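Source file: model05.tsv; contents: TSV, C-alpha atoms and all ligand atoms.
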```tsv
chain	number	residue	atom	x	y	z
I	1	MET	CA	33.94	-17.26	-65.93
I	2	LEU	CA	35.01	-18.83	-62.62
I	3	LYS	CA	33.14	-21.99	-61.55
I	4	SER	CA	31.12	-21.60	-58.35
I	5	ARG	CA	32.48	-24.88	-56.91
I	6	LEU	CA	36.24	-25.00	-57.28
I	7	GLN	CA	38.70	-27.88	-56.96
I	8	ILE	CA	41.42	-26.60	-54.68
I	9	CYS	CA	44.61	-28.27	-53.48
I	10	VAL	CA	45.87	-26.79	-50.20
I	11	LEU	CA	49.47	-27.58	-49.25
I	12	GLY	CA	49.93	-27.05	-45.51
I	13	GLY	CA	46.17	-27.41	-45.08
I	14	THR	CA	46.41	-29.36	-41.81
I	15	GLY	CA	48.13	-26.53	-39.90
I	16	PHE	CA	46.84	-23.61	-37.85
I	17	VAL	CA	45.95	-21.32	-40.78
I	18	GLY	CA	45.18	-24.26	-43.06
I	19	THR	CA	42.54	-25.65	-40.72
I	20	GLU	CA	40.62	-22.36	-40.74
I	21	LEU	CA	41.00	-21.88	-44.49
I	22	VAL	CA	40.12	-25.45	-45.49
I	23	THR	CA	37.06	-25.40	-43.23
I	24	ARG	CA	35.93	-22.12	-44.79
I	25	LEU	CA	36.47	-23.36	-48.36
I	26	ALA	CA	34.66	-26.63	-47.65
I	27	SER	CA	31.72	-24.80	-46.08
I	28	GLN	CA	31.35	-22.86	-49.33
I	29	GLY	CA	31.05	-26.12	-51.22
I	30	HIS	CA	34.51	-26.20	-52.79
I	31	ARG	CA	36.25	-29.58	-53.09
I	32	VAL	CA	39.51	-29.39	-51.19
I	33	ARG	CA	42.44	-31.76	-51.52
I	34	VAL	CA	44.86	-31.67	-48.58
I	35	PRO	CA	48.14	-33.57	-48.76
I	36	THR	CA	49.85	-34.32	-45.44
I	37	ARG	CA	52.95	-36.14	-44.30
I	38	LEU	CA	50.99	-37.89	-41.56
I	39	LEU	CA	47.28	-38.73	-41.78
I	40	SER	CA	46.69	-38.14	-38.06
I	41	ARG	CA	47.67	-34.45	-38.50
I	42	GLY	CA	44.52	-33.97	-40.55
I	43	ASN	CA	42.10	-36.03	-38.43
I	44	HIS	CA	40.11	-32.92	-37.55
I	45	LEU	CA	39.50	-32.23	-41.28
I	46	ARG	CA	38.18	-35.70	-42.09
I	47	VAL	CA	34.70	-34.86	-40.87
I	48	LEU	CA	34.33	-32.25	-43.62
I	49	PRO	CA	32.47	-33.95	-46.50
I	50	THR	CA	34.20	-32.17	-49.42
I	51	VAL	CA	37.72	-32.51	-48.05
I	52	GLU	CA	40.03	-35.22	-49.36
I	53	LEU	CA	42.99	-35.89	-47.07
I	54	ILE	CA	45.92	-37.66	-48.76
I	55	VAL	CA	49.23	-38.86	-47.39
I	56	ALA	CA	51.79	-37.59	-49.90
I	57	ASN	CA	55.34	-36.40	-50.21
I	58	VAL	CA	54.84	-32.97	-51.73
I	59	HIS	CA	58.59	-32.61	-52.28
I	60	GLU	CA	58.39	-35.27	-55.01
I	61	PRO	CA	57.62	-33.46	-58.33
I	62	ARG	CA	55.73	-36.40	-59.84
I	63	VAL	CA	53.50	-36.66	-56.75
I	64	LEU	CA	52.91	-32.92	-56.82
I	65	SER	CA	51.79	-32.99	-60.48
I	66	GLN	CA	49.38	-35.83	-59.66
I	67	LEU	CA	47.99	-33.90	-56.70
I	68	PHE	CA	47.43	-30.83	-58.90
I	69	THR	CA	45.77	-32.70	-61.76
I	70	GLY	CA	42.17	-31.56	-62.19
I	71	MET	CA	42.58	-28.66	-59.74
I	72	ASP	CA	41.44	-25.10	-60.47
I	73	VAL	CA	43.53	-23.55	-57.73
I	74	VAL	CA	46.62	-24.37	-55.69
I	75	ILE	CA	47.14	-22.78	-52.28
I	76	ASN	CA	50.54	-23.07	-50.64
I	77	LEU	CA	50.66	-22.57	-46.88
I	78	VAL	CA	53.71	-24.71	-46.13
I	79	GLY	CA	56.14	-23.00	-43.82
I	80	VAL	CA	58.55	-23.85	-41.00
I	81	LEU	CA	59.55	-21.51	-38.20
I	82	ASN	CA	62.72	-23.46	-37.54
I	83	ASP	CA	64.91	-25.69	-39.61
I	84	SER	CA	65.33	-28.65	-37.22
I	85	GLY	CA	69.08	-28.14	-36.85
I	86	ARG	CA	70.05	-28.61	-40.48
I	87	ARG	CA	71.94	-25.34	-41.04
I	88	GLY	CA	69.13	-23.73	-43.00
I	89	ALA	CA	68.39	-26.76	-45.19
I	90	GLY	CA	64.93	-27.07	-43.66
I	91	PHE	CA	64.05	-23.49	-44.62
I	92	GLN	CA	65.54	-23.95	-48.08
I	93	ASP	CA	63.57	-27.17	-48.70
I	94	ALA	CA	60.22	-26.03	-47.29
I	95	HIS	CA	60.23	-22.43	-48.52
I	96	VAL	CA	62.37	-22.28	-51.68
I	97	GLU	CA	62.77	-25.70	-53.33
I	98	LEU	CA	59.17	-26.68	-52.63
I	99	VAL	CA	57.87	-23.46	-54.17
I	100	ARG	CA	60.00	-24.05	-57.28
I	101	LYS	CA	58.39	-27.50	-57.55
I	102	VAL	CA	54.89	-26.14	-56.87
I	103	VAL	CA	55.22	-23.61	-59.71
I	104	GLU	CA	56.56	-26.25	-62.08
I	105	ALA	CA	53.91	-28.84	-61.13
I	106	ALA	CA	51.16	-26.22	-61.51
I	107	ARG	CA	52.39	-25.54	-65.06
I	108	THR	CA	52.53	-29.26	-65.86
I	109	ALA	CA	49.02	-29.84	-64.50
I	110	ARG	CA	47.77	-26.63	-66.16
I	111	VAL	CA	46.63	-25.02	-62.93
I	112	ARG	CA	46.60	-21.30	-63.55
I	113	ARG	CA	45.73	-19.90	-60.09
I	114	LEU	CA	48.16	-19.93	-57.13
I	115	LEU	CA	47.64	-18.34	-53.72
I	116	HIS	CA	50.91	-18.28	-51.83
I	117	MET	CA	51.57	-17.63	-48.14
I	118	SER	CA	54.66	-15.63	-47.28
I	119	ALA	CA	55.35	-13.49	-44.20
I	120	LEU	CA	55.60	-9.78	-43.42
I	121	GLY	CA	59.21	-8.65	-43.67
I	122	ALA	CA	60.22	-11.39	-46.12
I	123	GLY	CA	62.91	-10.29	-48.54
I	124	PRO	CA	66.53	-10.72	-49.63
I	125	GLU	CA	67.86	-8.23	-47.03
I	126	ALA	CA	65.89	-9.66	-44.09
I	127	PRO	CA	67.90	-10.54	-40.96
I	128	SER	CA	66.77	-14.18	-40.57
I	129	ARG	CA	66.90	-17.24	-42.78
I	130	TYR	CA	63.17	-17.71	-42.24
I	131	LEU	CA	62.44	-14.30	-43.80
I	132	ARG	CA	65.12	-14.49	-46.49
I	133	THR	CA	63.92	-17.88	-47.76
I	134	LYS	CA	60.32	-16.64	-47.68
I	135	GLY	CA	61.55	-13.70	-49.80
I	136	GLU	CA	63.25	-16.06	-52.25
I	137	ALA	CA	60.00	-17.98	-52.59
I	138	GLU	CA	58.11	-14.76	-53.37
I	139	ALA	CA	60.61	-14.01	-56.15
I	140	ILE	CA	60.08	-17.48	-57.65
I	141	VAL	CA	56.31	-17.04	-57.62
I	142	CYS	CA	56.50	-13.55	-59.15
I	143	ALA	CA	58.86	-14.80	-61.88
I	144	ALA	CA	56.19	-17.32	-62.95
I	145	ALA	CA	53.64	-14.57	-63.72
I	146	ALA	CA	53.51	-15.44	-67.43
I	147	SER	CA	51.97	-18.84	-66.72
I	148	ILE	CA	50.57	-18.47	-63.19
I	149	ASP	CA	47.99	-16.03	-61.83
I	150	TYR	CA	49.41	-15.59	-58.37
I	151	THR	CA	48.49	-13.70	-55.21
I	152	ILE	CA	50.92	-13.47	-52.30
I	153	PHE	CA	49.93	-12.90	-48.65
I	154	ARG	CA	52.35	-11.50	-46.07
I	155	PRO	CA	50.82	-11.57	-42.58
I	156	SER	CA	52.24	-10.22	-39.35
I	157	VAL	CA	52.00	-12.68	-36.48
I	158	ILE	CA	48.66	-14.55	-36.51
I	159	PHE	CA	46.48	-15.23	-33.46
I	160	GLY	CA	43.48	-17.47	-32.94
I	161	PRO	CA	42.54	-20.81	-31.39
I	162	GLY	CA	45.50	-23.15	-31.90
I	163	ASP	CA	48.04	-20.38	-32.55
I	164	SER	CA	51.61	-20.79	-31.41
I	165	LEU	CA	51.76	-17.23	-30.09
I	166	THR	CA	49.26	-16.55	-27.31
I	167	ASN	CA	48.79	-20.24	-26.51
I	168	ARG	CA	52.53	-20.71	-26.11
I	169	PHE	CA	52.89	-17.68	-23.86
I	170	ALA	CA	49.91	-18.81	-21.77
I	171	ARG	CA	51.49	-22.27	-21.42
I	172	LEU	CA	54.88	-20.81	-20.44
I	173	LEU	CA	53.32	-18.44	-17.89
I	174	ARG	CA	51.32	-21.29	-16.40
I	175	LEU	CA	54.43	-23.50	-16.11
I	176	SER	CA	56.66	-20.79	-14.67
I	177	GLY	CA	54.23	-19.25	-12.20
I	178	GLY	CA	54.10	-16.14	-14.37
I	179	PHE	CA	57.84	-15.51	-14.61
I	180	LEU	CA	59.06	-14.95	-18.19
I	181	PRO	CA	62.51	-13.88	-19.35
I	182	LEU	CA	61.68	-12.18	-22.68
I	183	ALA	CA	64.05	-11.42	-25.56
I	184	ARG	CA	63.29	-8.47	-27.88
I	185	ALA	CA	60.42	-7.34	-25.62
I	186	ASP	CA	60.04	-4.14	-27.68
I	187	ALA	CA	59.70	-5.90	-31.05
I	188	ARG	CA	56.54	-4.57	-32.70
I	189	PHE	CA	53.76	-6.58	-34.31
I	190	ALA	CA	50.26	-6.03	-35.65
I	191	PRO	CA	48.68	-9.37	-34.66
I	192	VAL	CA	46.13	-10.44	-37.24
I	193	TYR	CA	43.23	-12.83	-36.62
I	194	VAL	CA	43.42	-16.20	-38.35
I	195	ASN	CA	39.81	-15.85	-39.58
I	196	ASP	CA	40.72	-12.56	-41.29
I	197	VAL	CA	43.73	-14.19	-42.93
I	198	ALA	CA	41.59	-17.10	-44.18
I	199	GLU	CA	38.95	-14.65	-45.41
I	200	ALA	CA	41.63	-12.75	-47.36
I	201	PHE	CA	42.48	-15.95	-49.25
I	202	VAL	CA	38.80	-16.67	-49.92
I	203	ARG	CA	38.13	-13.14	-51.22
I	204	ALA	CA	41.20	-13.18	-53.43
I	205	LEU	CA	39.86	-16.31	-55.14
I	206	ARG	CA	36.90	-14.35	-56.51
I	207	ASN	CA	38.69	-11.09	-57.13
I	208	ARG	CA	40.66	-10.87	-60.36
I	209	ALA	CA	42.17	-7.58	-59.19
I	210	SER	CA	44.14	-9.64	-56.65
I	211	ILE	CA	46.10	-11.37	-59.43
I	212	GLY	CA	49.74	-10.32	-59.36
I	213	MET	CA	49.27	-8.62	-55.97
I	214	LYS	CA	51.14	-8.94	-52.68
I	215	TYR	CA	48.98	-8.22	-49.64
I	216	ASP	CA	50.52	-7.35	-46.27
I	217	LEU	CA	48.03	-8.49	-43.62
I	218	CYS	CA	47.80	-6.81	-40.22
I	219	GLY	CA	45.49	-6.48	-37.27
I	220	PRO	CA	44.13	-3.10	-36.18
I	221	HIS	CA	46.73	-2.42	-33.44
I	222	VAL	CA	50.49	-2.37	-33.18
I	223	LEU	CA	51.67	-4.11	-30.00
I	224	THR	CA	55.10	-4.89	-28.60
I	225	LEU	CA	55.94	-8.48	-27.76
I	226	GLU	CA	55.72	-7.55	-24.08
I	227	GLU	CA	52.23	-6.11	-24.57
I	228	ILE	CA	51.12	-9.30	-26.33
I	229	VAL	CA	52.37	-11.37	-23.38
I	230	ARG	CA	50.70	-9.08	-20.83
I	231	GLN	CA	47.40	-9.14	-22.73
I	232	THR	CA	47.58	-12.94	-22.95
I	233	ALA	CA	48.23	-13.19	-19.20
I	234	GLU	CA	45.39	-10.85	-18.35
I	235	VAL	CA	42.84	-12.69	-20.44
I	236	ALA	CA	44.01	-16.11	-19.25
I	237	GLY	CA	43.95	-14.88	-15.65
I	238	LEU	CA	47.63	-15.67	-15.11
I	239	PRO	CA	50.29	-13.81	-13.12
I	240	CYS	CA	52.89	-12.11	-15.32
I	241	TYR	CA	56.38	-10.99	-14.27
I	242	ILE	CA	58.41	-10.18	-17.37
I	243	LEU	CA	62.17	-9.96	-17.21
I	244	ARG	CA	63.22	-7.96	-20.27
I	245	LEU	CA	66.42	-9.48	-21.56
I	246	PRO	CA	69.12	-7.30	-23.08
I	247	ASP	CA	70.13	-8.54	-26.55
I	248	PHE	CA	73.26	-10.41	-25.43
I	249	LEU	CA	71.17	-12.44	-22.93
I	250	GLY	CA	68.34	-12.80	-25.45
I	251	LYS	CA	70.80	-14.33	-27.91
I	252	LEU	CA	72.12	-16.67	-25.21
I	253	GLN	CA	68.57	-17.73	-24.40
I	254	ALA	CA	67.87	-18.31	-28.11
I	255	ALA	CA	71.09	-20.30	-28.56
I	256	PHE	CA	70.21	-22.50	-25.58
I	257	LEU	CA	66.53	-23.03	-26.47
I	258	GLY	CA	67.56	-23.70	-30.06
I	259	LEU	CA	69.38	-26.82	-28.84
I	260	LEU	CA	66.26	-28.28	-27.22
I	261	PRO	CA	64.02	-30.73	-29.09
I	262	GLY	CA	61.40	-28.84	-31.10
I	263	LYS	CA	63.44	-25.61	-30.83
I	264	PRO	CA	60.97	-23.51	-28.82
I	265	PHE	CA	63.06	-20.41	-29.73
I	266	SER	CA	66.17	-20.06	-31.86
I	267	LEU	CA	68.79	-17.56	-32.97
I	268	ASP	CA	66.98	-17.34	-36.29
I	269	ASN	CA	63.74	-16.46	-34.43
I	270	PHE	CA	65.70	-13.87	-32.46
I	271	ARG	CA	66.94	-12.31	-35.71
I	272	SER	CA	63.39	-12.19	-37.10
I	273	LEU	CA	62.46	-10.17	-34.01
I	274	THR	CA	65.04	-7.48	-34.82
I	275	VAL	CA	62.69	-6.03	-37.46
I	276	ASP	CA	59.18	-4.76	-36.80
I	277	SER	CA	56.36	-6.81	-38.28
I	278	VAL	CA	53.88	-4.04	-39.07
I	279	CYS	CA	52.09	-2.96	-42.25
I	280	ARG	CA	52.59	0.23	-44.22
I	281	GLU	CA	49.38	-0.54	-46.08
I	282	ASN	CA	46.97	-3.18	-44.79
I	283	GLY	CA	45.93	-5.61	-47.52
I	284	LEU	CA	42.84	-6.55	-45.48
I	285	ALA	CA	41.36	-3.14	-46.32
I	286	ALA	CA	42.05	-3.64	-50.02
I	287	LEU	CA	40.12	-6.91	-49.81
I	288	GLY	CA	37.22	-5.29	-47.94
I	289	ILE	CA	37.93	-6.97	-44.58
I	290	GLU	CA	37.65	-5.10	-41.28
I	291	PRO	CA	40.54	-6.34	-39.10
I	292	THR	CA	39.44	-7.99	-35.86
I	293	HIS	CA	40.67	-6.76	-32.46
I	294	MET	CA	42.73	-9.21	-30.47
I	295	GLU	CA	40.90	-8.38	-27.23
I	296	ALA	CA	37.66	-9.45	-28.89
I	297	VAL	CA	38.94	-12.94	-29.65
I	298	LEU	CA	41.43	-13.94	-26.94
I	299	PRO	CA	38.75	-14.53	-24.28
I	300	THR	CA	37.00	-17.02	-26.58
I	301	TYR	CA	39.90	-19.46	-26.37
I	302	LEU	CA	42.21	-18.34	-23.56
I	303	GLY	CA	39.77	-16.98	-21.06
I	304	GLY	CA	37.33	-18.83	-18.92
I	305	GLY	CA	36.97	-16.54	-15.94
I	306	SER	CA	33.69	-14.70	-15.61
I	307	MET	CA	35.53	-11.37	-15.80
I	308	ASN	CA	36.80	-12.28	-19.24
I	309	ALA	CA	33.38	-13.37	-20.39
I	310	ARG	CA	31.98	-10.06	-19.19
I	311	ARG	CA	34.70	-8.14	-21.00
I	312	PHE	CA	34.02	-10.06	-24.20
I	313	ASN	CA	30.29	-9.43	-23.97
I	314	ARG	CA	30.94	-5.77	-23.36
I	315	PHE	CA	33.19	-5.57	-26.38
I	316	GLN	CA	30.61	-7.26	-28.57
I	317	GLN	CA	27.95	-4.84	-27.43
I	318	ASN	CA	30.22	-1.92	-28.25
I	319	ALA	CA	31.49	-3.27	-31.56
I	401	LIG	N1	51.34	-18.52	-37.72
I	401	LIG	C1	51.81	-17.30	-37.92
I	401	LIG	O1	51.83	-16.43	-37.02
I	401	LIG	C2	52.35	-16.92	-39.28
I	401	LIG	C3	52.73	-15.59	-39.53
I	401	LIG	C4	53.22	-15.24	-40.80
I	401	LIG	C5	53.29	-16.21	-41.80
I	401	LIG	N2	52.91	-17.50	-41.51
I	401	LIG	C6	53.02	-18.49	-42.57
I	401	LIG	O2	51.74	-19.09	-42.74
I	401	LIG	C7	51.88	-20.45	-43.15
I	401	LIG	C8	51.02	-21.33	-42.27
I	401	LIG	O3	51.44	-21.15	-40.93
I	401	LIG	P1	50.81	-22.02	-39.75
I	401	LIG	O4	51.00	-21.24	-38.51
I	401	LIG	O5	49.47	-22.52	-40.15
I	401	LIG	O6	51.82	-23.25	-39.73
I	401	LIG	P2	51.62	-24.70	-39.09
I	401	LIG	O7	50.45	-24.76	-38.19
I	401	LIG	O8	52.95	-25.09	-38.53
I	401	LIG	O9	51.32	-25.62	-40.34
I	401	LIG	C9	52.29	-25.88	-41.28
I	401	LIG	C10	51.75	-26.78	-42.37
I	401	LIG	O10	52.79	-26.98	-43.33
I	401	LIG	C11	53.03	-28.37	-43.50
I	401	LIG	N3	54.49	-28.56	-43.46
I	401	LIG	C12	55.35	-28.11	-42.52
I	401	LIG	N4	56.61	-28.45	-42.85
I	401	LIG	C13	56.53	-29.12	-44.02
I	401	LIG	C14	57.50	-29.72	-44.86
I	401	LIG	N5	58.79	-29.71	-44.55
I	401	LIG	N6	57.07	-30.33	-45.97
I	401	LIG	C15	55.74	-30.37	-46.27
I	401	LIG	N7	54.79	-29.83	-45.52
I	401	LIG	C16	55.17	-29.22	-44.41
I	401	LIG	C17	52.35	-29.11	-42.37
I	401	LIG	O11	51.74	-30.25	-42.97
I	401	LIG	P3	51.73	-31.75	-42.36
I	401	LIG	O12	52.38	-31.67	-41.01
I	401	LIG	O13	50.30	-32.14	-42.32
I	401	LIG	O14	52.49	-32.53	-43.35
I	401	LIG	C18	51.29	-28.12	-41.89
I	401	LIG	O15	50.06	-28.38	-42.51
I	401	LIG	C19	53.37	-20.74	-43.11
I	401	LIG	O16	53.89	-20.60	-44.41
I	401	LIG	C20	53.92	-19.66	-42.20
I	401	LIG	O17	55.28	-19.36	-42.50
I	401	LIG	C21	52.44	-17.87	-40.29
```

As structure tokens, how would this structure be written, given the file I've shared?
Amino acid sequence: MLKSRLQICVLGGTGFVGTELVTRLASQGHRVRVPTRLLSRGNHLRVLPTVELIVANVHEPRVLSQLFTGMDVVINLVGVLNDSGRRGAGFQDAHVELVRKVVEAARTARVRRLLHMSALGAGPEAPSRYLRTKGEAEAIVCAAAASIDYTIFRPSVIFGPGDSLTNRFARLLRLSGGFLPLARADARFAPVYVNDVAEAFVRALRNRASIGMKYDLCGPHVLTLEEIVRQTAEVAGLPCYILRLPDFLGKLQAAFLGLLPGKPFSLDNFRSLTVDSVCRENGLAALGIEPTHMEAVLPTYLGGGSMNARRFNRFQQNA
């Protein structure tokens, strides 16, 4: 029988999804160990009494085994959207080699349960390195089924306070007076709320039927990239003039932005946008979670205007 208070090590626990998940796990009384490369990245988690924040190099197998010792569960959320100009080595290290080490260290430390974060569209035939390396990681996790009880999660794009989707578009629109040259404006997504994603992990922990499963996670609506930008602008009360870029200009934009520090957009990101990020079957339903509407949540962190508050209240009344 599963203990009611688990010891859980969350790799990538300081990030956007990690913050929501770690907070949720801690509030349920679980003891959560969160390694980070830089202590200040996890400052916001230090107030949580059952969270242990540790500076550690998770790419070092010996360190990883130590981190996993005494744990009931390992959760891997580590992911990078860009490889910092190292010809794919960043993706390979963070998505593939790290997962190999995580599986091995879990075996060494006798941790049986692994929840692993992938991405919708991940696979060997995917158009981008991001998605191909995520696919390779899934294969490594699945191949360890004899010794590891795994569950894999494959979300579409995730929204919520602190996301790098709506917040980034709002920032760009604010800086540019509303003018936005947009590549792959027709790319389709089913934006999923970060709380629903975190809840999927939490439910899987208690649900043995989730062992050996891959769950695609989607929100209730399919939206194009342009629609996401327009919705963001409307809620944030910003002007929005979108210039839809044809692919050759979109690639040029990606190549240029990929040279800037922090790579706000890259050719690899552009390639990821050439495939739709929508679910055939929504894993949230299988886990008993009702997906949250984006228009219900955006005003809580992007809005501010009284119109937005009214719209949010109206939505809540109708929900
Ligand atoms: N956000 C989305 O829309 C979305 C959609 C689909 C899938 N995902 C996947 O969901 C996961 C979490 O995404 P997120 O948006 O929460 O990401 P995030 O905010 O960027 O957080 C990433 C986390 O991973 C850690 N990390 C990053 N690079 C690392 C490296 N090279 N070595 C070790 N640790 C590293 C960071 O830890 P420290 O900086 O503290 O060391 C941080 O806690 C990722 O696997 C991502 O691919 C996200």

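The closest residue to ligand LIG 401 (chain I), picked from I:Cys9, I:Leu273, I:Leu67, I:Val78 and counting all atoms listed in the file, is I:Val78.
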
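If one restricts the calculation to only C-alpha atoms and all ligand atoms, the set of residues situated within 6 Å of ligand LIG 401 (chain I) consists of I:Gly12, I:Gly13, I:Thr14, I:Gly15, I:Phe16, I:Val17, I:Gly18, I:Thr36, I:Arg37, I:Leu38, I:Arg41, I:Leu77, I:Val78, I:Gly79, I:Val80, I:Ala94, I:Met117, I:Ser118, I:Ala119, I:Pro155, I:Ser156, I:Val157, I:Ile158.
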
Inset, instruction - Take CA of Ser65 in chain I and CA of Glu104 in chain I and report the distance between them in Å, one decimal. - result: 8.4 Å

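What separates CA of Leu48 in chain I from CA of Val32 in chain I is a distance of 9.6 Å.
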
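Straight-line separation from CA of Ala198 in chain I to CA of Arg168 in chain I: 21.4 Å.
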
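Within 7 Å of Cys218 in chain I, once all atoms listed in the file are used and residues closer than 3 positions along the same chain are dropped, the contacting residues are I:Pro155, I:Ser156, I:Ala190, I:Pro191, I:Val192, I:Val278, I:Cys279, I:Asn282.
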
Inset, instruction - List the neighbours of Ser84 in chain I out to 8 Å using only C-alpha atoms; skip same-chain residues closer than 6 positions along the sequence, and give me the result as a ChimeraX atom specification. - result: /I:90,262-263

Inset, instruction - Name the residues in contact with range 237-244 of chain I at a cut-off of 12 Å, using only C-alpha atoms, excluding same-chain residues fewer than 2 positions from it; report them as a VMD selection string. - result: chain I and resid 169 to 187 225 to 235 246 to 250 253 298 to 299 302 to 309

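Each of I:Met71, I:Leu98, I:Ala209, I:Leu267 was compared to Leu6 in chain I using all atoms listed in the file, and I:Met71 turns out to be the nearest.
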
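Shortest separation to Leu223 in chain I among I:Met294, I:Ala106, I:Ala26, I:Leu81 occurs at residue I:Met294, atoms counted being all atoms listed in the file.
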
Legend entry - Protein, DNA and RNA residues within 12 Å of (45.2, -11.5, -52.2), only C-alpha atoms, as number ranges by chain: I: 75, 113-118, 149-155, 196-217, 282-289

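For the residues I:Leu252, I:Val74, I:Leu53, I:Val47, ranking by smallest atom-to-atom distance to Arg33 in chain I using only C-alpha atoms places I:Leu53 first.
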
Legend entry - Neighbour list for Ser147 in chain I as a VMD selection string, cut-off 7 Å, all atoms listed in the file, skip fewer than 2 positions in-chain: chain I and resid 107 112 144 to 145 149

Dump of C-alpha atoms for the selected residues, as a PDB file, in the frame of the given file:
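The result, written out as result09.pdb:
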```
ATOM      1  CA  ARG I 107      52.390 -25.540 -65.060  1.00  0.00           C
ATOM      2  CA  ARG I 112      46.600 -21.300 -63.550  1.00  0.00           C
ATOM      3  CA  ALA I 144      56.190 -17.320 -62.950  1.00  0.00           C
ATOM      4  CA  ALA I 145      53.640 -14.570 -63.720  1.00  0.00           C
ATOM      5  CA  ASP I 149      47.990 -16.030 -61.830  1.00  0.00           C
TER       6      ASP I 149
END
```
